[in-house]
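The structure under discussion appears below in the form of structure tokens.
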Amino acid sequence: MIIKKRLYSLLAHNTFGIDVEAELFVEFETEQELIELINEGLKPPVLVIGGGSNLLFMNNYSGTILHSRICDIQTVEENDSEVYLRVGSGVEWDTLVEYSIANGMQGLENLSAIPGEVGASAVQNVGAYGVEAGELIHSVEAISLSDATKKIFLQKECAFAYRNSIFKKEEKGKNVITYVTYHLRKKTEYRVAYGNMLPKVEALGGLSAKNIRTVICETRAEKLPSPSSLGSAGSFFMNPVVSATIAQKLKERYPDMPQYNTPDGGVKLSAGWLIEQCGWKGKQIGNVGTYPKQALVIVNHGGATGAEVLAFSHAICKSVKETFGIELHPEVNAIG
Ligand code: EPU
């Protein structure tokens, strides 16, 4: 069923908890309904949202906000060692992770308890604890907003990179993702090298997708605010990547600075560490602050506006730039 609402509050559709309205809010449950909507014409500008876990609304939204309620999960191919799971873009991300583990599939466990929906997992290439969704995506189905035709993007066409994909670049704003097909495993091939995950998983009785999920859920609950209790969009900034030469110079000056080599020869720094060193951890200005347990997360202590959050984030960027000479780039999309 198609649902259309006018002057609709977006409070339940952005984890930051910013209280703004959409001029038009439209939801669909099938690809066919989406095609009908596009053919009828949607009042521009059109913004496609998922769970709203990476959005910062600056004002009321004039135009149409489109949200998928395509929520089916189908096994399209399966053998003894692997499964192809085609998942509606409106399925809640963690529902998919839980479903896959309950059905003996493996691969998504490290990505447990991430807020958001399946469609956005492909746009954002969500990642945590050594795994990125893009590694497990076989293909992405989308409907073009310009002519309602169907497009299929195979994994290699999605240009997945750290918190990035073709859907944030060349294809930005052009499509509505309807299904994502994940290529999951049945054999055990776990990734537990991140931090001290392995001993925690072993303490639960050994390596299994279920035990990894338990450890990840506990780790996230310890470090990150739950959007239901404190508004945030998770990490506000991306971790910056610098050249090996710059990383070496920084290491000489700041021996404790965490650094991680990336496969393409760059060095990833911890934005959270940089922000903490600049004195921002747990700091609050008005209604906005950083989370006391993870400085990379900007939180809404209640009643914050998009402009307040943005001003706070700019102040953080300025101090990191002045102290370390490093530019931070937001992971969160400011709208309007
Ligand atoms: N650190 C600090 N102070 C802080 C936060 C972090 O010093 O306030 C340092 C610590 O040295 C820590 C290191 O940074 O060892 C890494 O911290 P953490 O494991 O919390 O990871 P992160 O790099 O801060 C990234 C993702 C998170 C993801 C975690 C775990 C980005 C932008 N963020 O954070 O993703 O959960 O790794 O894999 O890549 C999200 O995108 O919303 C998100 C939560």
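A note on labels: chains of the structure tokens are A, B, ... as shown, every chain counts residues from 1, and ligands are counted from 1 in their shown order.
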
* What's the 8 Å shell around segment 215-231 of chain A, counting only C-alpha atoms, without same-chain residues fewer than 4 positions away, as a ChimeraX atom specification? -> /A:15-17,110-113,197,200-201,211,291,293-294,297,299-302

* Spatial neighbours of Ile70 of chain A, max dist 8 Å, only C-alpha atoms, sep filter under 6 positions, as a list in words -> Phe28, Glu29, Thr30, Glu31, Gly88, Ser89, Gly90, Val91, Thr178 and Tyr179 of chain A

Give me, as JSON lines, the closest atom pair and its distance (Å, one decimal) for every residue of chain A within a cut-off of 8 Å of ligand 1, counting only C-alpha atoms and all ligand atoms, rows sorted by chain and rising number.
{"residue": "A:Asn54", "atom": "CA", "partner": "ligand 1", "partner_atom_place_in_ligand_line": "42 (O)", "distance": 7.9}
{"residue": "A:Ile114", "atom": "CA", "partner": "ligand 1", "partner_atom_place_in_ligand_line": "44 (C)", "distance": 7.5}
{"residue": "A:Val126", "atom": "CA", "partner": "ligand 1", "partner_atom_place_in_ligand_line": "41 (O)", "distance": 6.7}
{"residue": "A:Gly127", "atom": "CA", "partner": "ligand 1", "partner_atom_place_in_ligand_line": "35 (O)", "distance": 6.4}
{"residue": "A:Ala128", "atom": "CA", "partner": "ligand 1", "partner_atom_place_in_ligand_line": "38 (O)", "distance": 3.3}
{"residue": "A:Tyr129", "atom": "CA", "partner": "ligand 1", "partner_atom_place_in_ligand_line": "38 (O)", "distance": 3.6}
{"residue": "A:Gly130", "atom": "CA", "partner": "ligand 1", "partner_atom_place_in_ligand_line": "38 (O)", "distance": 6.1}
{"residue": "A:Val131", "atom": "CA", "partner": "ligand 1", "partner_atom_place_in_ligand_line": "38 (O)", "distance": 7.9}
{"residue": "A:Tyr162", "atom": "CA", "partner": "ligand 1", "partner_atom_place_in_ligand_line": "39 (O)", "distance": 7.7}
{"residue": "A:Arg163", "atom": "CA", "partner": "ligand 1", "partner_atom_place_in_ligand_line": "39 (O)", "distance": 7.3}
{"residue": "A:Tyr194", "atom": "CA", "partner": "ligand 1", "partner_atom_place_in_ligand_line": "38 (O)", "distance": 7.7}
{"residue": "A:Gly195", "atom": "CA", "partner": "ligand 1", "partner_atom_place_in_ligand_line": "19 (O)", "distance": 7.3}
{"residue": "A:Arg220", "atom": "CA", "partner": "ligand 1", "partner_atom_place_in_ligand_line": "36 (O)", "distance": 7.0}
{"residue": "A:Lys223", "atom": "CA", "partner": "ligand 1", "partner_atom_place_in_ligand_line": "20 (O)", "distance": 6.9}
{"residue": "A:Leu224", "atom": "CA", "partner": "ligand 1", "partner_atom_place_in_ligand_line": "44 (C)", "distance": 7.0}
{"residue": "A:Ala233", "atom": "CA", "partner": "ligand 1", "partner_atom_place_in_ligand_line": "42 (O)", "distance": 6.3}
{"residue": "A:Gly234", "atom": "CA", "partner": "ligand 1", "partner_atom_place_in_ligand_line": "42 (O)", "distance": 3.5}
{"residue": "A:Ser235", "atom": "CA", "partner": "ligand 1", "partner_atom_place_in_ligand_line": "42 (O)", "distance": 3.8}
{"residue": "A:Phe236", "atom": "CA", "partner": "ligand 1", "partner_atom_place_in_ligand_line": "42 (O)", "distance": 7.0}
{"residue": "A:Phe237", "atom": "CA", "partner": "ligand 1", "partner_atom_place_in_ligand_line": "32 (C)", "distance": 5.6}
{"residue": "A:Met238", "atom": "CA", "partner": "ligand 1", "partner_atom_place_in_ligand_line": "32 (C)", "distance": 3.9}
{"residue": "A:Asn239", "atom": "CA", "partner": "ligand 1", "partner_atom_place_in_ligand_line": "32 (C)", "distance": 5.1}
{"residue": "A:Met257", "atom": "CA", "partner": "ligand 1", "partner_atom_place_in_ligand_line": "11 (O)", "distance": 7.5}
{"residue": "A:Pro258", "atom": "CA", "partner": "ligand 1", "partner_atom_place_in_ligand_line": "11 (O)", "distance": 5.6}
{"residue": "A:Leu269", "atom": "CA", "partner": "ligand 1", "partner_atom_place_in_ligand_line": "23 (O)", "distance": 7.9}
{"residue": "A:Ser270", "atom": "CA", "partner": "ligand 1", "partner_atom_place_in_ligand_line": "14 (O)", "distance": 4.6}
{"residue": "A:Ala271", "atom": "CA", "partner": "ligand 1", "partner_atom_place_in_ligand_line": "24 (O)", "distance": 6.4}
{"residue": "A:Gly272", "atom": "CA", "partner": "ligand 1", "partner_atom_place_in_ligand_line": "5 (C)", "distance": 3.7}
{"residue": "A:Trp273", "atom": "CA", "partner": "ligand 1", "partner_atom_place_in_ligand_line": "7 (O)", "distance": 3.4}
{"residue": "A:Leu274", "atom": "CA", "partner": "ligand 1", "partner_atom_place_in_ligand_line": "7 (O)", "distance": 7.1}
{"residue": "A:Ile275", "atom": "CA", "partner": "ligand 1", "partner_atom_place_in_ligand_line": "8 (O)", "distance": 7.0}
{"residue": "A:Glu276", "atom": "CA", "partner": "ligand 1", "partner_atom_place_in_ligand_line": "3 (N)", "distance": 5.4}
{"residue": "A:Gln277", "atom": "CA", "partner": "ligand 1", "partner_atom_place_in_ligand_line": "7 (O)", "distance": 7.7}
{"residue": "A:Lys281", "atom": "CA", "partner": "ligand 1", "partner_atom_place_in_ligand_line": "8 (O)", "distance": 6.1}
{"residue": "A:Tyr291", "atom": "CA", "partner": "ligand 1", "partner_atom_place_in_ligand_line": "8 (O)", "distance": 8.0}
{"residue": "A:Pro292", "atom": "CA", "partner": "ligand 1", "partner_atom_place_in_ligand_line": "8 (O)", "distance": 7.5}
{"residue": "A:Lys293", "atom": "CA", "partner": "ligand 1", "partner_atom_place_in_ligand_line": "8 (O)", "distance": 6.0}
{"residue": "A:Gln294", "atom": "CA", "partner": "ligand 1", "partner_atom_place_in_ligand_line": "8 (O)", "distance": 3.7}
{"residue": "A:Ala295", "atom": "CA", "partner": "ligand 1", "partner_atom_place_in_ligand_line": "8 (O)", "distance": 3.6}
{"residue": "A:Leu296", "atom": "CA", "partner": "ligand 1", "partner_atom_place_in_ligand_line": "8 (O)", "distance": 5.9}
{"residue": "A:Val297", "atom": "CA", "partner": "ligand 1", "partner_atom_place_in_ligand_line": "42 (O)", "distance": 7.6}
{"residue": "A:Glu331", "atom": "CA", "partner": "ligand 1", "partner_atom_place_in_ligand_line": "32 (C)", "distance": 6.7}

Hey, can you spit out that residue selection with N, CA and C atoms as a short mmCIF file (atom, residue, chain, number, x, y, z; two decimals), in the first residue's frame?
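Contents of selection23.cif, freshly written:
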data_model
loop_
_atom_site.label_atom_id
_atom_site.label_comp_id
_atom_site.auth_asym_id
_atom_site.auth_seq_id
_atom_site.Cartn_x
_atom_site.Cartn_y
_atom_site.Cartn_z
N ASN A 54 21.76 8.61 9.59
CA ASN A 54 22.93 9.35 9.13
C ASN A 54 22.54 10.71 8.60
N ILE A 114 23.75 -2.21 14.42
CA ILE A 114 23.93 -0.92 13.75
C ILE A 114 22.54 -0.40 13.39
N VAL A 126 28.08 0.34 5.25
CA VAL A 126 28.26 0.33 6.71
C VAL A 126 29.36 -0.64 7.09
N GLY A 127 30.09 -0.28 8.11
CA GLY A 127 31.20 -1.12 8.53
C GLY A 127 31.42 -1.03 10.01
N ALA A 128 31.89 -2.12 10.59
CA ALA A 128 32.25 -2.11 12.01
C ALA A 128 33.04 -3.37 12.32
N TYR A 129 33.96 -3.26 13.26
CA TYR A 129 34.72 -4.40 13.79
C TYR A 129 35.31 -5.30 12.69
N GLY A 130 35.91 -4.61 11.70
CA GLY A 130 36.68 -5.35 10.69
C GLY A 130 35.89 -5.87 9.51
N VAL A 131 34.60 -5.54 9.39
CA VAL A 131 33.79 -6.02 8.26
C VAL A 131 33.02 -4.84 7.65
N TYR A 162 35.62 2.76 1.92
CA TYR A 162 35.31 3.10 3.31
C TYR A 162 34.17 4.12 3.37
N ARG A 163 33.02 3.72 3.91
CA ARG A 163 31.82 4.56 4.06
C ARG A 163 31.45 5.25 2.74
N TYR A 194 39.68 -7.60 15.67
CA TYR A 194 39.50 -6.22 16.15
C TYR A 194 39.58 -6.16 17.68
N GLY A 195 40.46 -5.29 18.18
CA GLY A 195 40.57 -5.06 19.64
C GLY A 195 40.70 -6.36 20.40
N ARG A 220 29.02 -2.41 21.61
CA ARG A 220 28.35 -1.20 21.11
C ARG A 220 27.53 -0.53 22.21
N LYS A 223 29.83 1.53 24.36
CA LYS A 223 30.53 2.68 23.79
C LYS A 223 29.64 3.69 23.11
N LEU A 224 28.46 3.24 22.64
CA LEU A 224 27.65 4.12 21.79
C LEU A 224 26.27 4.33 22.40
N ALA A 233 23.75 10.31 15.55
CA ALA A 233 23.78 9.60 14.27
C ALA A 233 25.01 8.69 14.25
N GLY A 234 25.37 8.14 15.41
CA GLY A 234 26.58 7.32 15.48
C GLY A 234 27.79 8.20 15.25
N SER A 235 28.81 7.66 14.59
CA SER A 235 30.01 8.45 14.31
C SER A 235 29.60 9.67 13.49
N PHE A 236 29.97 10.85 13.92
CA PHE A 236 29.61 12.04 13.15
C PHE A 236 30.57 12.24 11.98
N PHE A 237 31.86 11.91 12.22
CA PHE A 237 32.89 12.10 11.19
C PHE A 237 33.41 10.74 10.73
N MET A 238 34.01 10.73 9.55
CA MET A 238 34.72 9.54 9.08
C MET A 238 36.11 9.56 9.70
N ASN A 239 36.72 8.41 9.80
CA ASN A 239 38.11 8.38 10.24
C ASN A 239 38.97 8.87 9.07
N MET A 257 49.40 8.03 19.11
CA MET A 257 48.30 8.17 18.15
C MET A 257 47.97 6.83 17.48
N PRO A 258 46.69 6.36 17.60
CA PRO A 258 46.36 5.09 16.93
C PRO A 258 46.41 5.27 15.41
N LEU A 269 43.52 7.19 10.61
CA LEU A 269 43.68 7.70 11.98
C LEU A 269 42.32 7.60 12.68
N SER A 270 42.33 7.65 14.01
CA SER A 270 41.06 7.59 14.76
C SER A 270 40.55 8.99 15.01
N ALA A 271 39.46 9.34 14.33
CA ALA A 271 38.88 10.67 14.55
C ALA A 271 38.52 10.85 16.03
N GLY A 272 38.01 9.79 16.65
CA GLY A 272 37.63 9.87 18.08
C GLY A 272 38.81 10.26 18.95
N TRP A 273 39.97 9.68 18.66
CA TRP A 273 41.19 10.00 19.44
C TRP A 273 41.58 11.46 19.21
N LEU A 274 41.57 11.89 17.96
CA LEU A 274 41.96 13.28 17.64
C LEU A 274 41.05 14.26 18.37
N ILE A 275 39.75 13.97 18.36
CA ILE A 275 38.77 14.86 18.98
C ILE A 275 38.96 14.88 20.50
N GLU A 276 39.21 13.68 21.04
CA GLU A 276 39.43 13.60 22.50
C GLU A 276 40.67 14.40 22.91
N GLN A 277 41.75 14.28 22.13
CA GLN A 277 42.99 15.01 22.45
C GLN A 277 42.77 16.52 22.45
N LYS A 281 35.98 15.49 24.43
CA LYS A 281 35.24 14.30 24.87
C LYS A 281 34.30 14.66 26.02
N TYR A 291 29.55 12.35 23.04
CA TYR A 291 29.22 11.28 23.98
C TYR A 291 30.42 11.04 24.90
N PRO A 292 30.20 10.99 26.19
CA PRO A 292 31.34 10.87 27.11
C PRO A 292 32.20 9.62 26.90
N LYS A 293 31.62 8.57 26.29
CA LYS A 293 32.40 7.34 26.10
C LYS A 293 32.97 7.20 24.71
N GLN A 294 32.61 8.10 23.78
CA GLN A 294 33.10 7.99 22.40
C GLN A 294 32.99 9.38 21.78
N ALA A 295 34.14 10.05 21.68
CA ALA A 295 34.15 11.46 21.27
C ALA A 295 33.73 11.67 19.82
N LEU A 296 33.71 10.59 19.03
CA LEU A 296 33.34 10.69 17.61
C LEU A 296 31.83 10.85 17.43
N VAL A 297 31.09 10.62 18.51
CA VAL A 297 29.64 10.66 18.43
C VAL A 297 29.13 11.98 19.00
N GLU A 331 30.51 12.11 8.32
CA GLU A 331 29.89 10.91 7.77
C GLU A 331 28.39 11.20 7.65
#

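Here the question is which of A:Gln155, A:Asn103, A:Ser319, A:Ser53 gets nearest to Ser139 of chain A using only C-alpha atoms, and that residue is A:Gln155.
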
* To do: Excluding Val180 of chain A and any residue of its chain fewer than 6 positions from it, enumerate the residues within 10 Å of it, using only C-alpha atoms, and give them as number ranges by chain.
  => A: 73, 85-89, 118-122, 137-142, 152-153

Store the residues of this selection in a file with C-alpha atoms, as a PDB file, in the first residue's frame.
ATOM      1  CA  ILE A  73      13.608 -11.522   2.735  1.00  0.00           C
ATOM      2  CA  LEU A  85      19.701 -13.626   0.338  1.00  0.00           C
ATOM      3  CA  ARG A  86      17.594 -10.965  -1.443  1.00  0.00           C
ATOM      4  CA  VAL A  87      16.444  -8.430   1.096  1.00  0.00           C
ATOM      5  CA  GLY A  88      13.955  -5.557   0.781  1.00  0.00           C
ATOM      6  CA  SER A  89      15.494  -2.127   1.268  1.00  0.00           C
ATOM      7  CA  VAL A 118      19.079  -2.435   4.383  1.00  0.00           C
ATOM      8  CA  GLY A 119      18.887   0.060   1.472  1.00  0.00           C
ATOM      9  CA  ALA A 120      21.172   2.491   3.269  1.00  0.00           C
ATOM     10  CA  SER A 121      23.671  -0.288   4.079  1.00  0.00           C
ATOM     11  CA  ALA A 122      24.593  -0.300   0.387  1.00  0.00           C
ATOM     12  CA  ILE A 137      26.811  -7.533  -1.231  1.00  0.00           C
ATOM     13  CA  HIS A 138      26.296  -9.460  -4.462  1.00  0.00           C
ATOM     14  CA  SER A 139      24.076  -6.886  -6.159  1.00  0.00           C
ATOM     15  CA  VAL A 140      21.817  -3.901  -5.613  1.00  0.00           C
ATOM     16  CA  GLU A 141      18.466  -3.400  -7.392  1.00  0.00           C
ATOM     17  CA  ALA A 142      17.195   0.128  -7.860  1.00  0.00           C
ATOM     18  CA  ILE A 152      20.924  -3.730 -11.282  1.00  0.00           C
ATOM     19  CA  PHE A 153      24.360  -2.887  -9.922  1.00  0.00           C
TER      20      PHE A 153
END

* Would you work out the distance separating atom CA of Phe312 of chain A from atom CA of Gly266 of chain A, expressed in Å to one decimal? =>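 Distance between the two atoms: 28.7 Å.
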